[in-house]
>>> print(open('structure_30.txt').read())   # compact mmCIF, C-alpha atoms and all ligand atoms
# COMPACT_ATOMS: atom_id res chain seq x y z
CA MET F 1 0.00 0.00 0.00
CA ALA F 2 1.25 3.51 -0.84
CA ARG F 3 2.58 5.41 2.13
CA PHE F 4 1.14 8.72 0.93
CA LYS F 5 -2.31 9.07 -0.57
CA GLY F 6 -2.88 12.20 -2.59
CA ALA F 7 -5.74 14.01 -4.30
CA LEU F 8 -5.45 16.30 -7.30
CA ILE F 9 -7.68 19.24 -8.22
CA GLY F 10 -7.68 20.52 -11.81
CA CYS F 11 -7.25 17.92 -14.54
CA GLY F 12 -6.20 20.28 -17.33
CA PHE F 13 -3.27 20.76 -19.69
CA PHE F 14 -0.44 20.63 -17.15
CA ALA F 15 -1.93 18.28 -14.54
CA VAL F 16 -1.26 15.30 -16.81
CA ASN F 17 2.47 15.81 -16.17
CA GLN F 18 1.82 15.93 -12.44
CA MET F 19 -0.21 12.70 -12.61
CA HIS F 20 2.67 10.99 -14.44
CA GLY F 21 5.12 12.28 -11.84
CA TRP F 22 3.00 10.92 -8.98
CA ARG F 23 2.60 7.55 -10.71
CA ASP F 24 6.40 7.21 -10.89
CA LEU F 25 6.78 7.58 -7.11
CA ALA F 26 6.52 4.19 -5.42
CA ASP F 27 5.38 5.76 -2.12
CA VAL F 28 2.48 7.69 -3.61
CA GLU F 29 -0.98 6.93 -4.91
CA ILE F 30 -3.43 9.53 -6.21
CA VAL F 31 -6.71 8.23 -4.82
CA ALA F 32 -9.08 11.03 -5.83
CA ILE F 33 -9.27 13.68 -8.54
CA CYS F 34 -11.49 16.71 -9.04
CA ASP F 35 -12.41 18.92 -11.97
CA ARG F 36 -15.52 20.94 -12.62
CA ASP F 37 -15.21 19.97 -16.30
CA PRO F 38 -16.62 16.40 -16.62
CA GLU F 39 -14.72 15.75 -19.83
CA ARG F 40 -11.32 16.51 -18.28
CA LEU F 41 -12.26 14.48 -15.20
CA LYS F 42 -13.03 11.45 -17.36
CA ILE F 43 -9.93 11.76 -19.56
CA VAL F 44 -7.52 11.97 -16.60
CA GLY F 45 -9.48 9.49 -14.45
CA ASP F 46 -9.46 6.89 -17.23
CA GLN F 47 -5.84 7.50 -18.21
CA PHE F 48 -4.54 7.08 -14.65
CA GLY F 49 -7.13 4.62 -13.33
CA VAL F 50 -8.50 6.86 -10.56
CA ALA F 51 -11.95 5.72 -9.43
CA ARG F 52 -12.89 8.51 -7.01
CA ARG F 53 -13.84 11.49 -9.19
CA TYR F 54 -15.42 14.76 -8.05
CA ALA F 55 -16.86 17.85 -9.71
CA SER F 56 -16.63 19.69 -6.38
CA ALA F 57 -13.52 20.11 -4.24
CA ASP F 58 -15.75 20.64 -1.19
CA GLU F 59 -17.24 17.17 -1.62
CA MET F 60 -13.84 15.60 -2.18
CA PHE F 61 -12.48 17.10 1.06
CA SER F 62 -15.64 16.09 2.96
CA ASP F 63 -15.08 12.48 1.90
CA GLY F 64 -11.37 12.78 2.78
CA GLY F 65 -9.04 9.77 2.83
CA PHE F 66 -5.91 11.49 1.48
CA ASP F 67 -2.71 12.81 3.07
CA PHE F 68 -2.09 15.76 0.73
CA VAL F 69 -3.73 17.68 -2.09
CA ASP F 70 -2.11 18.85 -5.33
CA ILE F 71 -3.85 21.97 -6.67
CA ALA F 72 -3.31 22.20 -10.44
CA THR F 73 -6.02 24.71 -11.34
CA THR F 74 -5.41 28.16 -12.83
CA VAL F 75 -4.65 31.07 -10.51
CA GLY F 76 -8.18 32.38 -9.89
CA SER F 77 -9.12 29.39 -7.71
CA HIS F 78 -5.83 28.99 -5.79
CA ARG F 79 -6.73 30.99 -2.68
CA ALA F 80 -10.13 29.35 -2.15
CA LEU F 81 -8.68 25.87 -2.63
CA VAL F 82 -5.67 26.38 -0.35
CA GLU F 83 -7.98 27.80 2.32
CA LEU F 84 -10.25 24.78 1.87
CA ALA F 85 -7.26 22.46 2.35
CA ALA F 86 -6.29 24.44 5.46
CA ARG F 87 -9.80 24.10 6.91
CA HIS F 88 -9.50 20.33 6.47
CA LYS F 89 -5.88 20.36 7.74
CA VAL F 90 -4.63 18.68 4.57
CA PRO F 91 -1.04 19.53 3.42
CA ALA F 92 -1.21 21.30 0.06
CA ILE F 93 0.80 21.92 -3.07
CA CYS F 94 -0.39 24.85 -5.16
CA GLN F 95 0.66 25.53 -8.75
CA LYS F 96 2.31 28.81 -9.66
CA PRO F 97 1.38 31.64 -9.95
CA PHE F 98 0.73 31.56 -6.22
CA ALA F 99 -2.30 33.89 -6.29
CA PRO F 100 -3.90 36.77 -8.18
CA THR F 101 -2.38 39.31 -5.75
CA LEU F 102 0.33 39.45 -3.09
CA ALA F 103 -2.37 40.11 -0.47
CA ASP F 104 -4.06 36.81 -1.46
CA ALA F 105 -0.74 34.97 -1.30
CA LYS F 106 -0.01 36.35 2.18
CA ALA F 107 -3.49 35.28 3.33
CA MET F 108 -2.86 31.77 1.98
CA VAL F 109 0.43 31.47 3.89
CA ALA F 110 -1.31 32.72 7.04
CA ALA F 111 -4.14 30.18 6.60
CA ALA F 112 -1.69 27.29 6.12
CA GLU F 113 0.41 28.35 9.11
CA ALA F 114 -2.65 28.78 11.34
CA ALA F 115 -3.82 25.28 10.35
CA GLY F 116 -0.32 23.86 10.88
CA ILE F 117 -0.16 22.36 7.38
CA PRO F 118 2.79 22.47 4.98
CA LEU F 119 2.15 24.51 1.83
CA MET F 120 4.44 24.19 -1.18
CA ILE F 121 4.22 26.22 -4.37
CA HIS F 122 4.85 24.07 -7.44
CA GLU F 123 7.74 26.31 -8.58
CA ASN F 124 9.54 23.68 -10.60
CA PHE F 125 11.96 25.62 -12.83
CA ARG F 126 14.68 25.70 -10.15
CA TRP F 127 14.45 21.89 -10.23
CA GLN F 128 15.48 21.70 -13.89
CA THR F 129 18.66 19.65 -14.36
CA PRO F 130 20.57 22.50 -16.11
CA ILE F 131 19.64 24.99 -13.39
CA LEU F 132 20.71 22.53 -10.68
CA ALA F 133 24.01 22.13 -12.57
CA VAL F 134 24.55 25.90 -12.55
CA ARG F 135 23.88 26.01 -8.83
CA GLN F 136 26.39 23.20 -8.31
CA VAL F 137 29.11 25.18 -10.10
CA LEU F 138 28.38 28.22 -7.91
CA ASP F 139 28.49 26.07 -4.76
CA SER F 140 31.82 24.54 -5.86
CA GLY F 141 33.42 27.98 -5.77
CA ALA F 142 34.89 27.45 -9.25
CA ILE F 143 34.05 30.97 -10.45
CA GLY F 144 34.41 32.57 -7.04
CA ALA F 145 31.87 35.04 -5.65
CA PRO F 146 29.32 36.07 -8.28
CA PHE F 147 28.85 39.82 -8.81
CA TRP F 148 26.67 39.84 -11.96
CA GLY F 149 24.14 37.49 -13.52
CA ARG F 150 21.57 37.12 -16.25
CA VAL F 151 18.63 34.73 -16.44
CA SER F 152 17.17 34.85 -19.92
CA PHE F 153 14.18 33.19 -21.60
CA ARG F 154 13.55 34.46 -25.15
CA SER F 155 11.27 32.53 -27.48
CA GLY F 156 8.73 32.73 -30.27
CA PHE F 157 6.97 29.50 -29.23
CA ASP F 158 3.17 29.43 -29.51
CA VAL F 159 2.21 28.88 -25.88
CA PHE F 160 -1.36 29.99 -26.55
CA SER F 161 -2.39 26.80 -28.39
CA GLY F 162 -1.86 24.66 -25.25
CA GLN F 163 -2.81 27.36 -22.75
CA PRO F 164 -5.36 29.68 -24.45
CA TYR F 165 -6.06 31.55 -21.18
CA LEU F 166 -2.58 33.07 -21.43
CA ALA F 167 -3.71 35.30 -24.30
CA LYS F 168 -6.58 36.78 -22.30
CA GLY F 169 -5.14 38.07 -19.02
CA LYS F 170 -4.15 41.72 -18.52
CA ARG F 171 -0.91 40.30 -17.11
CA PHE F 172 0.96 37.71 -19.13
CA ILE F 173 4.66 37.00 -19.37
CA ILE F 174 5.92 38.19 -15.98
CA GLU F 175 3.08 36.49 -14.09
CA ASP F 176 3.22 33.23 -16.06
CA LEU F 177 6.82 32.73 -17.16
CA GLY F 178 8.90 35.52 -15.63
CA ILE F 179 7.83 34.19 -12.24
CA HIS F 180 9.96 31.08 -12.95
CA SER F 181 12.95 33.16 -14.11
CA LEU F 182 12.69 35.43 -11.07
CA ASP F 183 12.64 32.38 -8.82
CA ILE F 184 15.75 31.05 -10.58
CA ALA F 185 17.45 34.43 -9.97
CA ARG F 186 16.62 34.13 -6.25
CA PHE F 187 17.82 30.51 -6.22
CA LEU F 188 21.17 31.45 -7.78
CA PHE F 189 21.87 34.95 -6.44
CA GLY F 190 19.84 35.22 -3.22
CA ASP F 191 16.89 37.38 -2.28
CA ALA F 192 16.41 40.67 -4.07
CA THR F 193 15.96 44.09 -2.51
CA ARG F 194 15.08 46.31 -5.49
CA MET F 195 13.46 45.88 -8.90
CA THR F 196 13.46 48.03 -12.01
CA ALA F 197 11.37 46.76 -14.94
CA ARG F 198 10.22 47.65 -18.43
CA THR F 199 7.52 45.77 -20.36
CA ARG F 200 6.24 45.68 -23.95
CA ARG F 201 3.42 44.01 -25.83
CA ILE F 202 4.56 43.03 -29.32
CA ASN F 203 1.87 40.48 -30.26
CA PRO F 204 -1.29 42.52 -30.96
CA ALA F 205 -3.53 39.45 -30.57
CA ILE F 206 -2.99 39.12 -26.80
CA ALA F 207 -4.07 41.28 -23.87
CA GLY F 208 -0.95 41.28 -21.67
CA GLU F 209 2.75 42.08 -22.00
CA ASP F 210 4.87 39.54 -23.86
CA VAL F 211 8.30 41.11 -23.26
CA ALA F 212 9.86 42.15 -19.96
CA THR F 213 13.33 43.32 -18.95
CA MET F 214 14.04 43.41 -15.23
CA LEU F 215 17.05 44.64 -13.25
CA LEU F 216 17.45 43.25 -9.72
CA ASP F 217 19.66 44.23 -6.79
CA HIS F 218 20.31 41.18 -4.59
CA GLU F 219 21.07 41.22 -0.87
CA GLY F 220 24.57 39.76 -1.29
CA GLY F 221 25.56 42.44 -3.81
CA VAL F 222 24.86 40.65 -7.09
CA THR F 223 23.23 42.71 -9.83
CA SER F 224 21.12 40.59 -12.17
CA ILE F 225 19.11 40.97 -15.33
CA VAL F 226 16.07 38.78 -15.83
CA ASP F 227 14.71 39.07 -19.36
CA VAL F 228 11.78 37.19 -20.85
CA SER F 229 10.11 37.33 -24.24
CA TYR F 230 7.57 35.41 -26.30
CA ALA F 231 8.10 37.78 -29.23
CA THR F 232 11.61 36.69 -30.14
CA ARG F 233 12.01 34.86 -33.44
CA LEU F 234 15.34 33.07 -33.52
CA PRO F 235 16.82 30.84 -36.23
CA GLU F 236 16.59 27.91 -33.79
CA GLU F 237 13.66 28.00 -31.35
CA PRO F 238 15.03 27.43 -27.82
CA PHE F 239 11.70 26.87 -25.98
CA PRO F 240 11.65 26.11 -23.08
CA GLU F 241 15.33 26.60 -22.29
CA THR F 242 16.52 29.19 -19.78
CA PHE F 243 19.94 30.65 -20.50
CA VAL F 244 22.16 31.79 -17.64
CA GLU F 245 25.26 33.99 -17.54
CA ILE F 246 27.23 34.58 -14.36
CA ASP F 247 30.40 36.57 -13.78
CA GLY F 248 32.30 35.79 -10.58
CA ASP F 249 35.50 37.24 -9.13
CA ARG F 250 37.43 34.10 -10.27
CA GLY F 251 35.72 33.28 -13.55
CA THR F 252 32.55 32.98 -15.56
CA LEU F 253 29.73 30.54 -16.28
CA ARG F 254 27.52 30.41 -19.37
CA LEU F 255 24.53 28.08 -19.85
CA GLY F 256 23.46 28.29 -23.48
CA LYS F 257 21.49 26.60 -26.23
CA ASP F 258 21.07 22.82 -26.09
CA TYR F 259 22.00 22.82 -22.41
CA ARG F 260 25.68 23.60 -23.04
CA LEU F 261 27.49 24.75 -19.94
CA THR F 262 30.85 26.52 -20.13
CA VAL F 263 32.81 27.28 -16.98
CA HIS F 264 35.94 29.40 -17.22
CA SER F 265 38.38 30.11 -14.39
CA PRO F 266 42.14 30.26 -13.73
CA ASP F 267 41.93 26.43 -13.41
CA GLY F 268 40.92 26.19 -17.09
CA THR F 269 37.81 26.06 -19.26
CA THR F 270 35.36 23.16 -19.14
CA GLN F 271 32.46 22.52 -21.48
CA SER F 272 29.71 20.02 -20.75
CA THR F 273 26.13 19.23 -21.67
CA VAL F 274 23.72 19.37 -18.75
CA ALA F 275 20.64 18.13 -20.59
CA PRO F 276 17.58 16.81 -18.75
CA SER F 277 16.57 13.17 -19.07
CA LEU F 278 13.73 12.28 -21.39
CA LEU F 279 11.39 10.45 -19.00
CA PRO F 280 9.34 7.63 -20.60
CA TRP F 281 6.15 9.72 -20.55
CA ALA F 282 7.81 12.99 -21.56
CA SER F 283 8.04 14.61 -24.98
CA ARG F 284 10.42 17.14 -26.50
CA PRO F 285 10.72 20.10 -26.12
CA TRP F 286 8.80 19.89 -22.81
CA HIS F 287 11.01 17.18 -21.25
CA ASN F 288 13.11 19.71 -19.31
CA ILE F 289 10.00 21.04 -17.58
CA GLN F 290 8.50 17.56 -17.22
CA GLU F 291 11.57 16.18 -15.46
CA SER F 292 11.49 19.13 -13.05
CA VAL F 293 7.88 18.24 -12.16
CA ALA F 294 8.99 14.74 -11.15
CA LEU F 295 11.89 16.19 -9.12
CA ILE F 296 9.82 18.75 -7.20
CA GLN F 297 7.20 16.11 -6.40
CA ARG F 298 9.88 13.81 -5.02
CA HIS F 299 11.15 16.74 -2.92
CA TRP F 300 7.61 17.28 -1.54
CA ILE F 301 7.28 13.66 -0.48
CA GLU F 302 10.76 13.62 1.10
CA ARG F 303 9.98 16.76 3.08
CA LEU F 304 6.49 15.56 4.03
CA ALA F 305 8.00 12.32 5.33
CA ALA F 306 10.69 14.23 7.25
CA GLY F 307 8.27 16.87 8.58
CA ARG F 308 10.46 19.61 7.07
CA GLU F 309 9.50 22.73 5.11
CA PRO F 310 9.88 22.35 1.33
CA ASP F 311 12.34 24.67 -0.43
CA THR F 312 9.59 26.45 -2.35
CA SER F 313 7.21 26.71 0.59
CA GLY F 314 4.44 29.30 0.52
CA ARG F 315 6.52 31.53 2.80
CA ASP F 316 9.55 31.25 0.51
CA ASN F 317 7.49 31.84 -2.62
CA LEU F 318 6.06 35.10 -1.25
CA LYS F 319 9.50 36.53 -2.06
CA THR F 320 9.30 35.35 -5.67
CA PHE F 321 5.72 36.53 -6.00
CA ALA F 322 6.66 39.92 -4.54
CA LEU F 323 9.17 40.28 -7.38
CA VAL F 324 6.33 39.77 -9.87
CA GLU F 325 4.28 42.49 -8.18
CA ALA F 326 7.35 44.73 -7.99
CA ALA F 327 8.04 44.28 -11.70
CA TYR F 328 4.51 45.32 -12.69
CA LEU F 329 4.61 48.28 -10.30
CA SER F 330 8.01 49.38 -11.54
CA ALA F 331 7.00 49.15 -15.20
CA GLU F 332 3.78 51.06 -14.53
CA ARG F 333 5.45 53.85 -12.53
CA GLY F 334 8.72 53.97 -14.46
CA GLU F 335 10.51 53.79 -11.09
CA THR F 336 12.63 51.39 -9.07
CA VAL F 337 10.56 49.52 -6.48
CA SER F 338 11.88 48.40 -3.11
CA LEU F 339 10.89 44.85 -2.09
CA GLY F 340 10.89 45.74 1.60
CA GLU F 341 7.72 47.84 1.13
CA LEU F 342 5.88 44.94 -0.52
CA LEU F 343 6.90 42.24 1.91
CA ALA F 344 6.29 44.26 5.09
P1 LIG M 401 -6.06 24.36 -17.66
O1 LIG M 401 -7.06 25.45 -17.84
O2 LIG M 401 -5.71 23.52 -18.84
O3 LIG M 401 -6.51 23.38 -16.50
C1 LIG M 401 -7.10 23.82 -15.30
C2 LIG M 401 -8.20 22.83 -14.94
O4 LIG M 401 -8.68 23.16 -13.65
C3 LIG M 401 -9.39 22.87 -15.90
O5 LIG M 401 -9.68 21.57 -16.35
C4 LIG M 401 -10.52 23.45 -15.05
O6 LIG M 401 -11.80 22.92 -15.38
C5 LIG M 401 -10.10 23.04 -13.65
N1 LIG M 401 -10.59 23.91 -12.57
C6 LIG M 401 -10.43 25.25 -12.45
N2 LIG M 401 -10.96 25.68 -11.30
C7 LIG M 401 -11.44 24.59 -10.66
C8 LIG M 401 -12.09 24.40 -9.40
N3 LIG M 401 -12.34 25.41 -8.58
N4 LIG M 401 -12.44 23.14 -9.06
C9 LIG M 401 -12.21 22.10 -9.89
N5 LIG M 401 -11.60 22.24 -11.09
C10 LIG M 401 -11.22 23.46 -11.47
O7 LIG M 401 -4.77 25.06 -17.07
P2 LIG M 401 -3.25 24.53 -17.10
O8 LIG M 401 -2.59 25.05 -18.31
O9 LIG M 401 -3.21 23.09 -16.80
O10 LIG M 401 -2.64 25.38 -15.88
C11 LIG M 401 -2.97 25.07 -14.56
C12 LIG M 401 -1.95 25.75 -13.64
O11 LIG M 401 -0.67 25.20 -13.91
C13 LIG M 401 -1.82 27.26 -13.87
O12 LIG M 401 -1.69 27.91 -12.63
C14 LIG M 401 -0.55 27.40 -14.71
O13 LIG M 401 0.13 28.62 -14.52
C15 LIG M 401 0.25 26.25 -14.17
N6 LIG M 401 1.28 25.74 -15.10
C16 LIG M 401 2.48 25.48 -14.55
C17 LIG M 401 3.50 25.01 -15.34
C18 LIG M 401 4.83 24.75 -14.70
O14 LIG M 401 5.81 24.43 -15.36
N7 LIG M 401 4.91 24.86 -13.37
C19 LIG M 401 3.30 24.80 -16.71
C20 LIG M 401 2.03 25.03 -17.23
C21 LIG M 401 1.02 25.51 -16.41
O1 LIG M 402 5.44 27.15 -16.93
C1 LIG M 402 4.41 27.65 -17.32
O2 LIG M 402 3.65 28.13 -16.54
C2 LIG M 402 3.98 27.57 -18.76
C3 LIG M 402 5.01 27.87 -19.80
C4 LIG M 402 6.36 27.29 -19.57
C5 LIG M 402 4.51 27.46 -21.16
O3 LIG M 402 5.09 29.27 -19.79
O4 LIG M 402 2.89 28.43 -18.94
>>> encode(input="structure_30.txt", output="structure tokens", more="lines below")
Ligand code: NAD
Ligand code: 89V
Amino acid sequence: MARFKGALIGCGFFAVNQMHGWRDLADVEIVAICDRDPERLKIVGDQFGVARRYASADEMFSDGGFDFVDIATTVGSHRALVELAARHKVPAICQKPFAPTLADAKAMVAAAEAAGIPLMIHENFRWQTPILAVRQVLDSGAIGAPFWGRVSFRSGFDVFSGQPYLAKGKRFIIEDLGIHSLDIARFLFGDATRMTARTRRINPAIAGEDVATMLLDHEGGVTSIVDVSYATRLPEEPFPETFVEIDGDRGTLRLGKDYRLTVHSPDGTTQSTVAPSLLPWASRPWHNIQESVALIQRHWIERLAAGREPDTSGRDNLKTFALVEAAYLSAERGETVSLGELLA
């Protein structure tokens, strides 16, 4: 019998990856699923052999019988569902973006803490194999102390065919994709204190911004640039690769196309490929993201078993989400925004 029984809410586009990830973990069984769309409920229920199916999350929680819930719905429902989990004292994972506003996100952290349940945000990009490899180089000291960095995601990929809701929101690339890049910047360079941002909308068919350039001051003294674009047509489409550049006081690191990592220091120059594995259920070009789903889910189970806070806990992710808010504020005002004000 599985040691951890889970339930999943939201059986849409991305949840299928999460269901695959859970199936691969020997300790875990998803015993109940929920979606208000009966067609999605049937597709995912049949594909993964889940008998208990619900149109209402309230009913699913009332019936109970699971140790954690994985919330894979879009952002509008996150607060209500996390608060529901808190009322039932069920540990919860919530997909990014955390919430519609920072005030909602803070309320969700407060609800989870008051209920004494762990809350993890499914912020999976820092779990990508190439990003973990970059972090390992930093930790090894090979390039010394970093003083400058860049986290860059520039693409012309049609994300709207798989996720049509992305074309409709007033906010787009920072909230949906930049949030991952900002979290990677925190993961590599530490928490940020100030944000300066500029945004553009190039694609006239969408409502939100599809280009953003952000300048961050980090607590330890690193200056970083986080730039994201879905309006960039390159000879070779890199979706969904994140490129990283870091300058340290001993050397440099560059993570580029096709997961090529170059590390240069007085000890020499090394070049390697830090590509993700192609899991049996994964498909290119999504396999990098798909593998990171499996890795963050394993992390959740390890931390749940150990009774320890996950790395991307709700409290931790407030700092990533605050960067999103800060970027929109900065772009709107044309000013630098201090994170202290937002997180107070
Ligand atoms: P989707 O619209 O395809 O799926 C969402 C599903 O949730 C739908 O089937 C909908 O009917 C259901 N739903 C919504 N509210 C509900 C409620 N209150 N109760 C029951 N069911 C409800 O969306 P998606 O593309 O799968 O995205 C879901 C989330 O995953 C979003 O927050 C998105 O940002 C995130 N996402 C994350 C990654 C990543 O790499 N971490 C990648 C893609 C999407
Ligand atoms: O990760 C995400 O939320 C996705 C994608 C990578 C396509 O932007 O929406």
>>> residues_around(input="structure_30.txt", residues="F:Pro118", least_positions_apart="4", cutoff="12 Å", atoms="all atoms listed in the file", output="NGL selection string")
:F and (67-70 or 82 or 85-86 or 89-94 or 108-114 or 300-301 or 303-316)
>>> write_last_selection(input="structure_30.txt", atoms="C-alpha atoms", output="PDB file, in the frame of the given file")
ATOM      1  CA  ASP F  67      -2.710  12.810   3.070  1.00  0.00           C
ATOM      2  CA  PHE F  68      -2.090  15.760   0.730  1.00  0.00           C
ATOM      3  CA  VAL F  69      -3.730  17.680  -2.090  1.00  0.00           C
ATOM      4  CA  ASP F  70      -2.110  18.850  -5.330  1.00  0.00           C
ATOM      5  CA  VAL F  82      -5.670  26.380  -0.350  1.00  0.00           C
ATOM      6  CA  ALA F  85      -7.260  22.460   2.350  1.00  0.00           C
ATOM      7  CA  ALA F  86      -6.290  24.440   5.460  1.00  0.00           C
ATOM      8  CA  LYS F  89      -5.880  20.360   7.740  1.00  0.00           C
ATOM      9  CA  VAL F  90      -4.630  18.680   4.570  1.00  0.00           C
ATOM     10  CA  PRO F  91      -1.040  19.530   3.420  1.00  0.00           C
ATOM     11  CA  ALA F  92      -1.210  21.300   0.060  1.00  0.00           C
ATOM     12  CA  ILE F  93       0.800  21.920  -3.070  1.00  0.00           C
ATOM     13  CA  CYS F  94      -0.390  24.850  -5.160  1.00  0.00           C
ATOM     14  CA  MET F 108      -2.860  31.770   1.980  1.00  0.00           C
ATOM     15  CA  VAL F 109       0.430  31.470   3.890  1.00  0.00           C
ATOM     16  CA  ALA F 110      -1.310  32.720   7.040  1.00  0.00           C
ATOM     17  CA  ALA F 111      -4.140  30.180   6.600  1.00  0.00           C
ATOM     18  CA  ALA F 112      -1.690  27.290   6.120  1.00  0.00           C
ATOM     19  CA  GLU F 113       0.410  28.350   9.110  1.00  0.00           C
ATOM     20  CA  ALA F 114      -2.650  28.780  11.340  1.00  0.00           C
ATOM     21  CA  TRP F 300       7.610  17.280  -1.540  1.00  0.00           C
ATOM     22  CA  ILE F 301       7.280  13.660  -0.480  1.00  0.00           C
ATOM     23  CA  ARG F 303       9.980  16.760   3.080  1.00  0.00           C
ATOM     24  CA  LEU F 304       6.490  15.560   4.030  1.00  0.00           C
ATOM     25  CA  ALA F 305       8.000  12.320   5.330  1.00  0.00           C
ATOM     26  CA  ALA F 306      10.690  14.230   7.250  1.00  0.00           C
ATOM     27  CA  GLY F 307       8.270  16.870   8.580  1.00  0.00           C
ATOM     28  CA  ARG F 308      10.460  19.610   7.070  1.00  0.00           C
ATOM     29  CA  GLU F 309       9.500  22.730   5.110  1.00  0.00           C
ATOM     30  CA  PRO F 310       9.880  22.350   1.330  1.00  0.00           C
ATOM     31  CA  ASP F 311      12.340  24.670  -0.430  1.00  0.00           C
ATOM     32  CA  THR F 312       9.590  26.450  -2.350  1.00  0.00           C
ATOM     33  CA  SER F 313       7.210  26.710   0.590  1.00  0.00           C
ATOM     34  CA  GLY F 314       4.440  29.300   0.520  1.00  0.00           C
ATOM     35  CA  ARG F 315       6.520  31.530   2.800  1.00  0.00           C
ATOM     36  CA  ASP F 316       9.550  31.250   0.510  1.00  0.00           C
TER      37      ASP F 316
END
>>> residues_near_ligand(input="structure_30.txt", ligand="ligand LIG 401 (chain M)", cutoff="9 Å", atoms="all atoms listed in the file", output="NGL selection string")
:F and (9-16 or 34-41 or 54-58 or 71-78 or 80-81 or 94-99 or 122-125 or 162-166 or 175-177 or 180 or 289-290 or 292-293)
>>> atom_distance(input="structure_30.txt", atom1="atom CA of F:Glu59", atom2="atom CA of F:Val28")
22.0 Å
>>> closest_residue(input="structure_30.txt", among="F:Trp148, F:Ser62, F:Ala7, F:Glu291", to="F:Gly45", atoms="only C-alpha atoms")
F:Ala7
>>> residues_around(input="structure_30.txt", residues="F:Asn288", least_positions_apart="5", cutoff="8 Å", atoms="all atoms listed in the file", output="PyMOL selection string")
chain F and resi 128-129+240-241+275-278
>>> residues_around(input="structure_30.txt", residues="F:His264", least_positions_apart="6", cutoff="10 Å", atoms="all atoms listed in the file", output="list in words")
Ala142, Ile143, Asp247, Gly248, Arg250, Gly251, Thr252, Leu253, Arg254, Thr270 and Gln271 of chain F
>>> atom_distance(input="structure_30.txt", atom1="atom CA of F:Ile184", atom2="atom CA of F:Thr196")
17.2 Å
